[in-house]
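Asks: Below is one structure. I have some questions about it.
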Amino acid sequence: MHPAIHLTLVSLIQQVLVGLGKTTTLFIVSSGLTLVLGVLRIPNISHGALYMVGAFLAYSITRMLGGGAAGFFASLLLAPLAVAFLSLLAERFLLSRLYERDHLMLLLFTFALALIFDDLVKIVWGSGYRSLPLPAMFQGSFSFLGLALPRYSLFLLCVGPLVAIGLWFLINRTKIGKISRAAAVHREMVGAVGINVGWVFAAVFMIGCFLAGLGGALVAPTQSISQGMDASIIIEAFLIVIMGGLGNVWGALLGSLIFGLTDSLGVLILPQFSIVFPYAAVIVVLLLRPSGLLKSAW
Amino acid sequence: MVAPSLSLAYRARSLLRLETLAFPTAAAVLFLLPLVLPEFYVYFAALVLVTGLFATSLNLVLGYGGMYQFHHAVFYGAGAYAFALMLAKAHAPLWPAFLFAPLVSAMLGLLIGAICVRLSKLYFGMLQLSLGSLVWAVVFRWYSFTGGGDGLHEIPLPDAISTTRGAYYLTAVVVLICMVLLYRIVNSPFGKIFQAIRDNPQRSEAIGVDIRLHQLKGEVLAAFFAGIAGALYVVVEGSVVPDMMFWTASMEVMVMCLLGGWYTFLGPLFGAAVILGLRTFAGIYTDHWPLILGIILMAVILFFPEGVLGLLLRRANSKMELSTETEPE
Amino acid sequence: MLRVEGIRKSFDRFNALSGADLHVGSGKIVAVIGPNGAGKSTMFKIITGHLKPEGGRVLFGGEPISSLSPHEICRKGIGMAFQIVNIFSRMSVFENVQAAVLSRTRQAGNIFRAASKMAVGETMEILASVGLREKAGSIAGKLSYGDQKVLEIAIALSTSPRLLILDEPTAGMSSEEAAVCTGLIRRLTAEQGLTVLFCEHNIELVLSLSDEIMVLQGGKTIIQDCPEAVCKSPAVRDAYLGGAA
Ligand SMILES: Nc1ncnc2c1ncn2[C@@H]1O[C@H](COP(=O)(O)OP(=O)(O)OP(=O)(O)O)[C@@H](O)[C@H]1O
Ligand SMILES: [Mg+2]
């Protein structure tokens with residue numbers, strides 16, 4: 001094989017792998033967003049702020065537990081749980097009063113939450129950058145047929161499907177899942193049947209925000225943790241959610257794949273403006289299917 | 001039997017009298033302000049006027065049209081960049097550059113609008129947020145042309161408007177004209193039908209209104225005026241940065257509309273004054289302005305969902321209705 | 001003028017319409033009757049383009065219209081008063097009617113004139129003809145239910161339709177309100193010679209007003225004929241009166 005072609009083929013495959021790794025975090029974050037949007041009908045723009053809180057918490061937890069693999073795995077569980085708890089407070093004391101308001105008000109209210117979370121991060125962690133090393137077991141690459149496959153990307157590729165299976169189980173096999181699916185379609189009816197919708201909503205909101213925190217914890221060792229890391233992820237997540245169909249978790253999976261792959265392959269074509277490709281993809285999708293790829297919840 | 005229509009006409013006429021008085025009063029006040037205010041306040045007043053025009057242009061589609069215009073700042077930024085680039089890179093004279101800016105914004109409004117108006121309400125908003133972010137990303141990364149994250153500074157402005165007061169007077173005149181135009185648009189058949197669509201889209205269709213086309217026109221108009229505001233921003237600040245078209249800027253201007261009141265014409269201008277005033281004031285004492293804004297926003301949503309001016313107007317209206325009902329024949 | 005041929009429509013596998021036919025001649029007043037849930041409103045919404053049929057055709061003046069959007073159908077000359085009040089509830093009564101007049105006169109895109117001075121005479125005339133002139137300044141959403149239904153008709157009239165569709169104009173009204181509304185419809189049809197398609201549960205009104213009656217049941221047309229023939233038809237006796245009793 002000609003070396004140049006071989007080189008591009010290798011870089012192509014590696015880009016795909018990097019893209020898939022990015023897909024995992026995008027999927028985890030956007031599935032949480034779409035869950036909340038489908039069931040509670042809240043376009044939660046503070047989702048990105050919660051993702052950032054998750055990353056900062058993961059940093060602190062890992063540090064506190066010595067910075068090794070144990071700390072890393074603990075942070076993957078504890079940081080999202082703390083984020084979920086924070087979101088539970090916000091839901092019970094504030095958002096639950098606003099369910100009847102229109103989307104615009106909910107959007108602005110969650111923007112207020114985002115502002116407050118952002119500022120709290122600034123107060124607690126200061127405005128500098130933080131960085132967290134990868135645990136030793138995930139450092140470096142795994143070579144396979146002459147390809148260098150980053151270990152952490154492979155790890156992310158295992159986490160993604162696990163989360164997807166967990167969500168599938170939650171939605172299709174648990175009572176909360178069944179009620180919330182019904183609530184997404186007929187809000188009034190669920191209330192009429194005598195189910196306390198309030199707690200179902202709270203639970204769904206917590207799960208959605210847990211996923212935001214998990215996404216943050218997963219990226220913490222791969223990039224600098226800083227103020228403002230929330231601002232771009234939330235737009236990406238919005239994009240994925242509308243591409244996949246509002247409220248559809250599988251749509252979020254599909255959307256993340258499209259986003260992750262067009263983005264990472266776009267780098268090979270137009271390095272400076274690779275960001276254009278995912279947007280072009282979403283425009284094409286919505287021109288063909290005005291309500292997203294998969295059936296939206298409403 | 002004639003009494004109610006009489007009182008209606010009476011009310012309309014008294015409102016009309018108010019309107020005809022409002023314009024010369026506003027013009028006189030705006031003209032006199034710089035004669036009594038110190039430099040910084042003149043600058044601040046100019047900024048309030050610019051931001052107020054920007055917020056009012058948003059309110060045309062958001063408040064009167066009921067469209068989820070989630071990313072209006074893109075059109076503001078597009079106008080600012082178009083104006084600044086024309087002056088700094090193309091060395092164009094002031095007026096052509098000033099006309100070019102809103103046209104660029106209107107074109108962008110046409111483009112984004114054409115993609116978005118076919119979608120349902122929330123999809124419209126969310127896609128617009130995404131597309132607007134794309135525009136921002138391109139501006140942010142195109143370092144050689146737009147100055148990237150640093151923006152463009154020291155834009156060469158003609159001497160007459162490079163002073164604070166000069167910039168103020170240009171701003172005041174343009175904003176005043178634009179506000180009159182916007183007021184007329186809101187009260188034109190176009191504006192009334194726009195409000196009808198907000199009130200009941202299904203009914204509007206059934207009386208023969210092409211909703212998509214109407215919304216697209218509204219989008220282009222709103223973008224046009226936002227573009228003028230953007231150019232004025234450059235006049236006042238002498239620079240342009242990509243932050244002014246970041247999505248958080250769009251949220252902030254929505255907060256201004258909300259605070260002042262969606263359904264009122266002057267509400268957004270009022271909201272802009274309050275938010276800018278608080279930000280400047282708070283900036284002296286603390287750097288936790290986001291926290292303060294967040295808390296204010298929450299309080300407004302929870303307690304004054306129709307905004308301050310909206311609330312006052314409703315109070316006044318219900319009093320007026322009472323008084324007209326008891327009006328003698 | 002209007003011809004509906006074998007239209008079908010289902011909601012989540014439930015067949016609301018399964019082959020309904022209808023013919024409305026120019027200048028005729030045609031009533032559609034049928035038990036609750038027969039599919040009357042669904043058929044009307046298909047005619048006005050608010051719902052898309054799954055099969056069959058709708059012809060207006062010989063032209064197929066079922067692929068058009070509601071505003072295009074309205075511009076072709078079909079005006080509709082909905083069963084569930086569908087007005088601009090936050091606008092004044094005057095503005096409700098004026099909006100329809102402005103839209104008909106193609107002024108909707110005009111940004112250069114003050115709306116408050118446009119189409120005032122015509123709007124007031126329409127309001128006077130339905131008896132809402134005195135309430136021109138009230139907020140539509142605050143009117144009594146009967147007045148809202150009348151306003152609904154006034155809005156439909158303001159589009160100057162060649163075919164006026166009324167979906168249960170007197171439903172839910174008190175008997176006095178219903179009497180006023182019936183009188184209004186009588187007068188309008190007599191004075192203006194409108195072509196009207198309506199549906200109504202008040203059989204007395206149907207019999208006294210209509211030139212032809214179409215009976216719809218279970219989403220199918222049973223018969224369309226003059227009132228006498230429909231009354232005598234055994235099929236209607238069985239299906240409609242039997243079902244309603
Ligand atoms: N949007 C909808 N979704 C689901 N089912 C619907 C919908 N609209 C109508 N239906 C069903 O279709 C059937 C026909 O409805 P339709 O409103 O046309 O009846 P109708 O003849 O107008 O009855 P009524 O006399 O009560 O007004 C009913 O069983 C109704 O439940
Ligand atoms: Mg009906």
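By convention here, the chains of the structure tokens are called A, B, ... in the order presented, each chain's residues are numbered starting at 1, and ligands are numbered starting at 1 in the order presented.
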Taking only C-alpha atoms and all ligand atoms and a cut-off of 7 Å, can you tell me which residues surround ligand 2, written as an MDAnalysis selection string?
Replies: chainID C and resid 37 39:41 83 167:168
Asks: Quick one: write out the picked residues with all heavy atoms as a CSV table (one decimal), in the first residue's frame?
Replies:
chain,number,residue,atom,x,y,z
C,37,GLY,N,-69.7,12.1,17.9
C,37,GLY,CA,-68.6,11.2,17.5
C,37,GLY,C,-68.7,10.6,16.2
C,37,GLY,O,-68.0,9.7,15.8
C,39,GLY,N,-68.2,12.0,13.4
C,39,GLY,CA,-67.1,12.5,12.6
C,39,GLY,C,-67.4,13.8,11.8
C,39,GLY,O,-66.7,14.1,10.9
C,40,LYS,N,-68.4,14.5,12.3
C,40,LYS,CA,-68.8,15.7,11.6
C,40,LYS,C,-67.7,16.8,11.7
C,40,LYS,O,-67.3,17.3,10.7
C,40,LYS,CB,-70.1,16.3,12.3
C,40,LYS,CG,-71.3,15.3,12.4
C,40,LYS,CD,-72.5,15.9,13.0
C,40,LYS,CE,-72.3,16.2,14.5
C,40,LYS,NZ,-72.3,15.0,15.4
C,41,SER,N,-67.3,17.0,12.9
C,41,SER,CA,-66.2,18.0,13.0
C,41,SER,C,-65.0,17.6,12.3
C,41,SER,O,-64.3,18.5,11.6
C,41,SER,CB,-65.9,18.3,14.5
C,41,SER,OG,-67.0,18.7,15.2
C,83,GLN,N,-66.6,24.5,16.2
C,83,GLN,CA,-67.5,24.1,17.3
C,83,GLN,C,-66.9,24.6,18.6
C,83,GLN,O,-67.7,25.1,19.4
C,83,GLN,CB,-67.5,22.5,17.3
C,83,GLN,CG,-68.3,22.0,18.4
C,83,GLN,CD,-68.4,20.5,18.3
C,83,GLN,OE1,-67.8,19.8,17.5
C,83,GLN,NE2,-69.1,19.9,19.2
C,167,ASP,N,-69.9,24.9,12.5
C,167,ASP,CA,-69.9,23.6,13.3
C,167,ASP,C,-70.7,23.8,14.6
C,167,ASP,O,-70.2,24.5,15.5
C,167,ASP,CB,-68.5,23.2,13.5
C,167,ASP,CG,-68.4,21.7,14.0
C,167,ASP,OD1,-69.4,21.1,14.3
C,167,ASP,OD2,-67.2,21.2,14.0
C,168,GLU,N,-71.9,23.3,14.6
C,168,GLU,CA,-72.7,23.4,15.8
C,168,GLU,C,-72.8,24.8,16.4
C,168,GLU,O,-72.3,25.1,17.5
C,168,GLU,CB,-72.2,22.4,16.9
C,168,GLU,CG,-72.2,21.0,16.4
C,168,GLU,CD,-72.2,20.0,17.5
C,168,GLU,OE1,-72.7,20.3,18.6
C,168,GLU,OE2,-71.9,18.8,17.2
Asks: Hey, which residues come within 10 Å of ligand 1 if we count only C-alpha atoms and all ligand atoms? Could you give them as a compact mmCIF listing (two decimals) with all heavy atoms, in the first residue's frame?
Replies:
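Result written to result23.txt:
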# COMPACT_ATOMS: atom_id res chain seq x y z
N LYS C 9 -60.34 9.05 7.51
CA LYS C 9 -59.40 9.64 8.47
C LYS C 9 -59.42 8.79 9.74
O LYS C 9 -60.50 8.42 10.21
CB LYS C 9 -59.83 11.07 8.82
CG LYS C 9 -58.97 11.76 9.86
CD LYS C 9 -57.67 12.24 9.27
CE LYS C 9 -56.70 12.67 10.33
NZ LYS C 9 -55.38 13.01 9.76
N SER C 10 -58.25 8.48 10.25
CA SER C 10 -58.24 7.74 11.52
C SER C 10 -57.28 8.41 12.50
O SER C 10 -56.30 9.05 12.11
CB SER C 10 -57.82 6.29 11.28
OG SER C 10 -56.58 6.25 10.61
N PHE C 11 -57.63 8.28 13.77
CA PHE C 11 -56.75 8.77 14.84
C PHE C 11 -56.25 7.57 15.62
O PHE C 11 -57.07 6.84 16.20
CB PHE C 11 -57.53 9.68 15.80
CG PHE C 11 -58.06 10.93 15.14
CD1 PHE C 11 -59.41 11.05 14.86
CD2 PHE C 11 -57.21 11.97 14.81
CE1 PHE C 11 -59.90 12.20 14.27
CE2 PHE C 11 -57.71 13.11 14.21
CZ PHE C 11 -59.05 13.23 13.94
N ASP C 12 -54.97 7.35 15.64
CA ASP C 12 -54.40 6.20 16.36
C ASP C 12 -55.21 4.93 16.09
O ASP C 12 -55.70 4.28 17.02
CB ASP C 12 -54.38 6.45 17.89
CG ASP C 12 -53.60 7.69 18.24
OD1 ASP C 12 -52.68 8.01 17.48
OD2 ASP C 12 -53.94 8.32 19.24
N ARG C 13 -55.39 4.57 14.87
CA ARG C 13 -56.08 3.35 14.46
C ARG C 13 -57.60 3.40 14.66
O ARG C 13 -58.31 2.49 14.27
CB ARG C 13 -55.50 2.10 15.15
CG ARG C 13 -54.34 1.53 14.33
CD ARG C 13 -53.82 0.26 14.97
NE ARG C 13 -52.71 0.54 15.85
CZ ARG C 13 -52.66 0.15 17.12
NH1 ARG C 13 -53.65 -0.55 17.65
NH2 ARG C 13 -51.63 0.44 17.86
N PHE C 14 -58.10 4.48 15.32
CA PHE C 14 -59.56 4.59 15.45
C PHE C 14 -60.09 5.33 14.21
O PHE C 14 -59.65 6.44 13.89
CB PHE C 14 -59.89 5.37 16.72
CG PHE C 14 -61.33 5.80 16.79
CD1 PHE C 14 -62.30 4.91 17.19
CD2 PHE C 14 -61.70 7.10 16.45
CE1 PHE C 14 -63.62 5.30 17.25
CE2 PHE C 14 -63.02 7.49 16.50
CZ PHE C 14 -63.98 6.59 16.91
N ASN C 15 -61.03 4.69 13.51
CA ASN C 15 -61.52 5.28 12.27
C ASN C 15 -62.60 6.32 12.56
O ASN C 15 -63.72 5.97 12.90
CB ASN C 15 -62.09 4.21 11.34
CG ASN C 15 -61.00 3.35 10.75
OD1 ASN C 15 -59.93 3.87 10.40
ND2 ASN C 15 -61.24 2.07 10.65
N ALA C 16 -62.24 7.60 12.44
CA ALA C 16 -63.23 8.65 12.66
C ALA C 16 -64.10 8.81 11.40
O ALA C 16 -65.30 9.04 11.50
CB ALA C 16 -62.54 9.97 13.00
N LEU C 17 -63.48 8.71 10.25
CA LEU C 17 -64.22 8.79 9.00
C LEU C 17 -63.80 7.60 8.13
O LEU C 17 -62.61 7.34 7.97
CB LEU C 17 -63.89 10.08 8.24
CG LEU C 17 -64.48 11.38 8.78
CD1 LEU C 17 -63.94 12.56 7.99
CD2 LEU C 17 -66.00 11.35 8.71
N VAL C 32 -75.50 18.73 8.17
CA VAL C 32 -74.98 17.40 8.44
C VAL C 32 -75.44 17.03 9.83
O VAL C 32 -75.28 17.80 10.77
CB VAL C 32 -73.44 17.38 8.39
CG1 VAL C 32 -72.91 16.00 8.76
CG2 VAL C 32 -72.94 17.79 7.03
N ILE C 33 -76.09 15.89 9.94
CA ILE C 33 -76.47 15.46 11.27
C ILE C 33 -75.90 14.07 11.52
O ILE C 33 -75.51 13.35 10.60
CB ILE C 33 -78.01 15.45 11.48
CG1 ILE C 33 -78.68 14.50 10.48
CG2 ILE C 33 -78.59 16.84 11.34
CD1 ILE C 33 -80.15 14.30 10.76
N GLY C 34 -75.84 13.74 12.78
CA GLY C 34 -75.27 12.46 13.16
C GLY C 34 -74.98 12.48 14.64
O GLY C 34 -74.81 13.56 15.22
N PRO C 35 -74.95 11.29 15.27
CA PRO C 35 -74.73 11.26 16.71
C PRO C 35 -73.36 11.79 17.10
O PRO C 35 -72.49 11.98 16.24
CB PRO C 35 -74.84 9.77 17.05
CG PRO C 35 -74.67 9.04 15.76
CD PRO C 35 -75.13 9.96 14.69
N ASN C 36 -73.14 12.03 18.39
CA ASN C 36 -71.83 12.48 18.86
C ASN C 36 -70.75 11.51 18.41
O ASN C 36 -70.93 10.30 18.47
CB ASN C 36 -71.81 12.55 20.40
CG ASN C 36 -72.63 13.71 20.90
OD1 ASN C 36 -73.71 13.52 21.41
ND2 ASN C 36 -72.12 14.90 20.72
N GLY C 37 -69.66 12.06 17.95
CA GLY C 37 -68.55 11.21 17.53
C GLY C 37 -68.73 10.61 16.16
O GLY C 37 -67.97 9.75 15.75
N ALA C 38 -69.74 11.08 15.41
CA ALA C 38 -69.97 10.52 14.08
C ALA C 38 -68.87 10.94 13.11
O ALA C 38 -68.68 10.31 12.08
CB ALA C 38 -71.33 10.98 13.55
N GLY C 39 -68.18 12.02 13.44
CA GLY C 39 -67.10 12.47 12.55
C GLY C 39 -67.42 13.77 11.85
O GLY C 39 -66.73 14.15 10.90
N LYS C 40 -68.44 14.49 12.32
CA LYS C 40 -68.85 15.73 11.65
C LYS C 40 -67.74 16.77 11.69
O LYS C 40 -67.34 17.32 10.66
CB LYS C 40 -70.12 16.28 12.32
CG LYS C 40 -71.28 15.30 12.36
CD LYS C 40 -72.50 15.90 13.01
CE LYS C 40 -72.34 16.20 14.49
NZ LYS C 40 -72.26 15.02 15.39
N SER C 41 -67.26 17.02 12.90
CA SER C 41 -66.22 18.04 13.03
C SER C 41 -64.97 17.63 12.27
O SER C 41 -64.30 18.48 11.64
CB SER C 41 -65.86 18.26 14.50
OG SER C 41 -66.99 18.70 15.21
N THR C 42 -64.66 16.36 12.32
CA THR C 42 -63.48 15.87 11.60
C THR C 42 -63.63 16.15 10.11
O THR C 42 -62.69 16.61 9.46
CB THR C 42 -63.31 14.37 11.86
OG1 THR C 42 -63.27 14.15 13.25
CG2 THR C 42 -62.04 13.85 11.22
N MET C 43 -64.83 15.90 9.58
CA MET C 43 -65.05 16.15 8.16
C MET C 43 -64.88 17.63 7.84
O MET C 43 -64.24 17.99 6.85
CB MET C 43 -66.44 15.68 7.76
CG MET C 43 -66.70 15.82 6.27
SD MET C 43 -68.22 15.05 5.77
CE MET C 43 -69.39 16.32 6.20
N PHE C 44 -65.43 18.49 8.68
CA PHE C 44 -65.31 19.93 8.43
C PHE C 44 -63.86 20.37 8.46
O PHE C 44 -63.40 21.19 7.66
CB PHE C 44 -66.12 20.72 9.47
CG PHE C 44 -67.61 20.65 9.26
CD1 PHE C 44 -68.48 21.27 10.13
CD2 PHE C 44 -68.15 19.95 8.18
CE1 PHE C 44 -69.86 21.22 9.94
CE2 PHE C 44 -69.51 19.88 7.98
CZ PHE C 44 -70.38 20.52 8.87
N LYS C 45 -63.11 19.82 9.41
CA LYS C 45 -61.70 20.22 9.51
C LYS C 45 -60.91 19.72 8.32
O LYS C 45 -59.89 20.32 7.95
CB LYS C 45 -61.09 19.72 10.82
CG LYS C 45 -61.53 20.56 12.00
CD LYS C 45 -60.85 20.15 13.26
CE LYS C 45 -61.41 20.93 14.44
NZ LYS C 45 -61.19 20.21 15.71
N ILE C 46 -61.34 18.63 7.74
CA ILE C 46 -60.66 18.17 6.52
C ILE C 46 -60.98 19.12 5.37
O ILE C 46 -60.11 19.50 4.59
CB ILE C 46 -61.07 16.72 6.18
CG1 ILE C 46 -60.38 15.78 7.18
CG2 ILE C 46 -60.67 16.37 4.76
CD1 ILE C 46 -60.78 14.35 7.04
N LEU C 51 -57.09 19.34 8.92
CA LEU C 51 -56.66 17.94 9.00
C LEU C 51 -56.46 17.44 7.58
O LEU C 51 -57.10 17.94 6.65
CB LEU C 51 -57.73 17.08 9.70
CG LEU C 51 -58.01 17.33 11.17
CD1 LEU C 51 -59.20 16.48 11.63
CD2 LEU C 51 -56.79 17.00 12.01
N GLN C 83 -66.55 24.53 16.21
CA GLN C 83 -67.45 24.07 17.27
C GLN C 83 -66.95 24.56 18.62
O GLN C 83 -67.69 25.14 19.41
CB GLN C 83 -67.51 22.54 17.25
CG GLN C 83 -68.32 21.97 18.40
CD GLN C 83 -68.41 20.46 18.32
OE1 GLN C 83 -67.84 19.82 17.45
NE2 GLN C 83 -69.15 19.88 19.24
N ILE C 84 -65.67 24.32 18.88
CA ILE C 84 -65.07 24.81 20.10
C ILE C 84 -64.60 26.24 19.81
O ILE C 84 -63.86 26.45 18.86
CB ILE C 84 -63.89 23.93 20.52
CG1 ILE C 84 -64.40 22.53 20.82
CG2 ILE C 84 -63.17 24.52 21.72
CD1 ILE C 84 -63.35 21.47 20.78
N ASP C 167 -69.93 24.87 12.51
CA ASP C 167 -69.91 23.62 13.25
C ASP C 167 -70.65 23.81 14.57
O ASP C 167 -70.16 24.46 15.48
CB ASP C 167 -68.46 23.19 13.50
CG ASP C 167 -68.35 21.74 13.95
OD1 ASP C 167 -69.39 21.14 14.27
OD2 ASP C 167 -67.22 21.22 13.98
N GLU C 168 -71.86 23.26 14.65
CA GLU C 168 -72.72 23.38 15.83
C GLU C 168 -72.79 24.80 16.37
O GLU C 168 -72.35 25.06 17.48
CB GLU C 168 -72.24 22.41 16.92
CG GLU C 168 -72.17 21.00 16.39
CD GLU C 168 -72.24 19.95 17.49
OE1 GLU C 168 -72.66 20.31 18.60
OE2 GLU C 168 -71.91 18.80 17.20
N ALA C 171 -74.48 25.05 19.87
CA ALA C 171 -74.15 24.09 20.93
C ALA C 171 -73.71 24.81 22.20
O ALA C 171 -72.96 25.78 22.15
CB ALA C 171 -73.04 23.16 20.45
N CYS C 199 -73.56 21.84 10.86
CA CYS C 199 -74.04 20.67 11.56
C CYS C 199 -74.59 21.12 12.89
O CYS C 199 -74.19 22.15 13.43
CB CYS C 199 -72.96 19.62 11.72
SG CYS C 199 -71.86 19.89 13.07
N GLU C 200 -75.55 20.37 13.38
CA GLU C 200 -76.33 20.86 14.51
C GLU C 200 -77.07 19.67 15.12
O GLU C 200 -77.47 18.76 14.42
CB GLU C 200 -77.32 21.90 13.94
CG GLU C 200 -78.11 22.69 14.92
CD GLU C 200 -77.29 23.30 16.03
OE1 GLU C 200 -76.56 24.27 15.78
OE2 GLU C 200 -77.39 22.80 17.16
N HIS C 201 -77.19 19.69 16.44
CA HIS C 201 -77.97 18.63 17.09
C HIS C 201 -79.43 19.05 17.25
O HIS C 201 -80.29 18.21 17.51
CB HIS C 201 -77.36 18.28 18.45
CG HIS C 201 -76.10 17.49 18.33
ND1 HIS C 201 -76.07 16.23 17.79
CD2 HIS C 201 -74.82 17.79 18.66
CE1 HIS C 201 -74.82 15.78 17.78
NE2 HIS C 201 -74.05 16.71 18.30
N LEU C 216 -74.66 11.41 8.79
CA LEU C 216 -73.37 10.77 8.96
C LEU C 216 -73.44 9.89 10.18
O LEU C 216 -73.92 10.31 11.23
CB LEU C 216 -72.30 11.86 9.16
CG LEU C 216 -70.83 11.47 9.10
CD1 LEU C 216 -70.45 11.03 7.71
CD2 LEU C 216 -69.97 12.63 9.54
N GLN C 217 -72.99 8.65 10.03
CA GLN C 217 -72.95 7.81 11.21
C GLN C 217 -71.76 6.88 11.15
O GLN C 217 -71.48 6.29 10.11
CB GLN C 217 -74.24 7.00 11.35
CG GLN C 217 -74.45 6.60 12.79
CD GLN C 217 -75.00 5.22 12.95
OE1 GLN C 217 -75.19 4.51 11.97
NE2 GLN C 217 -75.24 4.84 14.17
N GLY C 218 -71.06 6.80 12.28
CA GLY C 218 -69.88 5.94 12.33
C GLY C 218 -68.89 6.25 11.22
O GLY C 218 -68.23 5.36 10.70
N GLY C 219 -68.83 7.51 10.84
CA GLY C 219 -67.84 7.90 9.84
C GLY C 219 -68.27 7.62 8.41
O GLY C 219 -67.47 7.78 7.50
Asks: Please identify all residues of chain B having at least one atom at most 8 Å from any atom of chain A, considering only C-alpha atoms, and return them as JSON, numbers by chain.
Replies: {"B": [68, 115, 118, 119, 120, 122, 123, 126, 127, 129, 130, 131, 133, 134, 137, 138, 141, 142, 251, 254, 255, 288, 290, 291, 293, 294, 295, 297, 298, 301]}
Asks: Would you return as an NGL selection string the members of range 41-217 of chain A that DSSP assigns to alpha helix (DSSP H) on this structure's backbone?
Replies: :A and (47-64 or 69-93 or 103-125 or 151-173 or 175-185 or 187-192 or 197-217)
Asks: Contacts between chain B and chain C, please, where a residue of chain C counts if it comes within 6 Å (with only C-alpha atoms); show its shortest atom pair and distance in Å to one decimal, rows by chain and ascending number, as a tab-separated table.
Replies:
residue	atom	partner	partner_atom	distance
C:Pro70	CA	B:Glu205	CA	5.7
C:His71	CA	B:Gly208	CA	3.9
C:Cys74	CA	B:Gly208	CA	5.0
C:Arg75	CA	B:Gly208	CA	5.6
C:Phe88	CA	B:Asp199	CA	5.6
C:Ala100	CA	B:Ile207	CA	5.4
C:Ala108	CA	B:Phe190	CA	5.0
C:Gly109	CA	B:Phe190	CA	4.9
C:Asn110	CA	B:Phe190	CA	5.3
C:Ile111	CA	B:Ser188	CA	5.1
C:Arg113	CA	B:Ser188	CA	5.4
C:Ala114	CA	B:Ser188	CA	4.7
C:Ala115	CA	B:Ser188	CA	4.7
Asks: Would you mind exporting C-alpha atoms of the selected residues as a compact mmCIF listing (two decimals), in the first residue's frame?
Replies:
# COMPACT_ATOMS: atom_id res chain seq x y z
CA PRO C 70 -55.85 26.20 5.72
CA HIS C 71 -54.98 29.74 4.68
CA CYS C 74 -59.73 30.22 3.21
CA ARG C 75 -58.56 32.40 0.34
CA PHE C 88 -58.50 35.78 19.40
CA ALA C 100 -60.15 38.86 9.25
CA ALA C 108 -51.79 41.60 6.34
CA GLY C 109 -48.30 42.51 5.16
CA ASN C 110 -48.83 46.26 5.24
CA ILE C 111 -46.44 47.94 7.67
CA ARG C 113 -50.43 52.43 7.78
CA ALA C 114 -52.07 52.58 11.18
CA ALA C 115 -54.38 49.62 11.55
Asks: Report as a list of chain:residue names all protein, DNA and RNA residues lying within 8 Å of range 136-141 of chain C, evaluated on only C-alpha atoms, omitting residues in the same chain fewer than 2 positions from it.
Replies: B:Pro4, B:Ser5, B:Leu8, C:Ile87, C:Phe88, C:Ser89, C:Arg90, C:Met91, C:Ser92, C:Val93, C:Phe94, C:Asn96, C:Met124, C:Leu127, C:Leu132, C:Arg133, C:Glu134, C:Leu143, C:Gln148
Asks: Find the residues around Gly6 in chain C up to 7 Å (only C-alpha atoms counted), leave out those fewer than 2 positions away in its own chain, and share them as a ChimeraX atom specification.
Replies: /C:4,8,19-21,56-57
Asks: Suppose we keep N, CA and C atoms; can you now write the selection as a tab-separated table (two decimals), in the first residue's frame?
Replies:
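To be explicit, this is the file written out as result16.tsv:
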chain	number	residue	atom	x	y	z
C	4	VAL	N	-67.41	16.30	-1.63
C	4	VAL	CA	-66.53	15.47	-0.81
C	4	VAL	C	-66.75	14.03	-1.23
C	8	ARG	N	-61.47	9.45	4.17
C	8	ARG	CA	-61.19	8.59	5.31
C	8	ARG	C	-60.18	9.28	6.21
C	19	GLY	N	-65.09	6.81	4.67
C	19	GLY	CA	-65.85	6.92	3.44
C	19	GLY	C	-67.07	7.81	3.58
C	20	ALA	N	-66.83	9.12	3.72
C	20	ALA	CA	-67.94	10.06	3.81
C	20	ALA	C	-68.06	10.83	2.49
C	21	ASP	N	-69.29	10.99	2.03
C	21	ASP	CA	-69.54	11.74	0.79
C	21	ASP	C	-70.47	12.89	1.11
C	56	GLY	N	-59.63	9.57	-0.32
C	56	GLY	CA	-60.76	10.33	-0.83
C	56	GLY	C	-60.34	11.71	-1.32
C	57	ARG	N	-61.35	12.45	-1.84
C	57	ARG	CA	-61.04	13.76	-2.42
C	57	ARG	C	-61.99	14.83	-1.90
Asks: Considering only C-alpha atoms, can you say which of B:Phe75, B:Tyr41, B:Trp136, B:Trp262 comes closest to Leu108 in chain B?
Replies: B:Phe75
Asks: Could you give me the residues within range 72-173 of chain C that DSSP places in strand (DSSP E or B), as a PyMOL selection string?
Replies: chain C and resi 78-81+92+139+163-167
Asks: So that I have them on file, write out the residues from the current selection with C-alpha atoms, as an mmCIF file, in the first residue's frame.
Replies:
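What landed in again.cif:
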data_model
loop_
_atom_site.group_PDB
_atom_site.id
_atom_site.type_symbol
_atom_site.label_atom_id
_atom_site.label_comp_id
_atom_site.auth_asym_id
_atom_site.auth_seq_id
_atom_site.Cartn_x
_atom_site.Cartn_y
_atom_site.Cartn_z
ATOM 1 C CA ILE C 78 -64.362 28.748 2.559
ATOM 2 C CA GLY C 79 -64.988 30.336 5.951
ATOM 3 C CA MET C 80 -65.394 28.297 9.086
ATOM 4 C CA ALA C 81 -66.901 28.860 12.509
ATOM 5 C CA SER C 92 -60.913 43.169 21.352
ATOM 6 C CA ILE C 139 -61.865 41.872 25.192
ATOM 7 C CA LEU C 163 -69.138 28.761 1.393
ATOM 8 C CA LEU C 164 -69.752 29.297 5.094
ATOM 9 C CA ILE C 165 -69.242 26.314 7.381
ATOM 10 C CA LEU C 166 -70.789 26.380 10.831
ATOM 11 C CA ASP C 167 -69.908 23.616 13.252
#
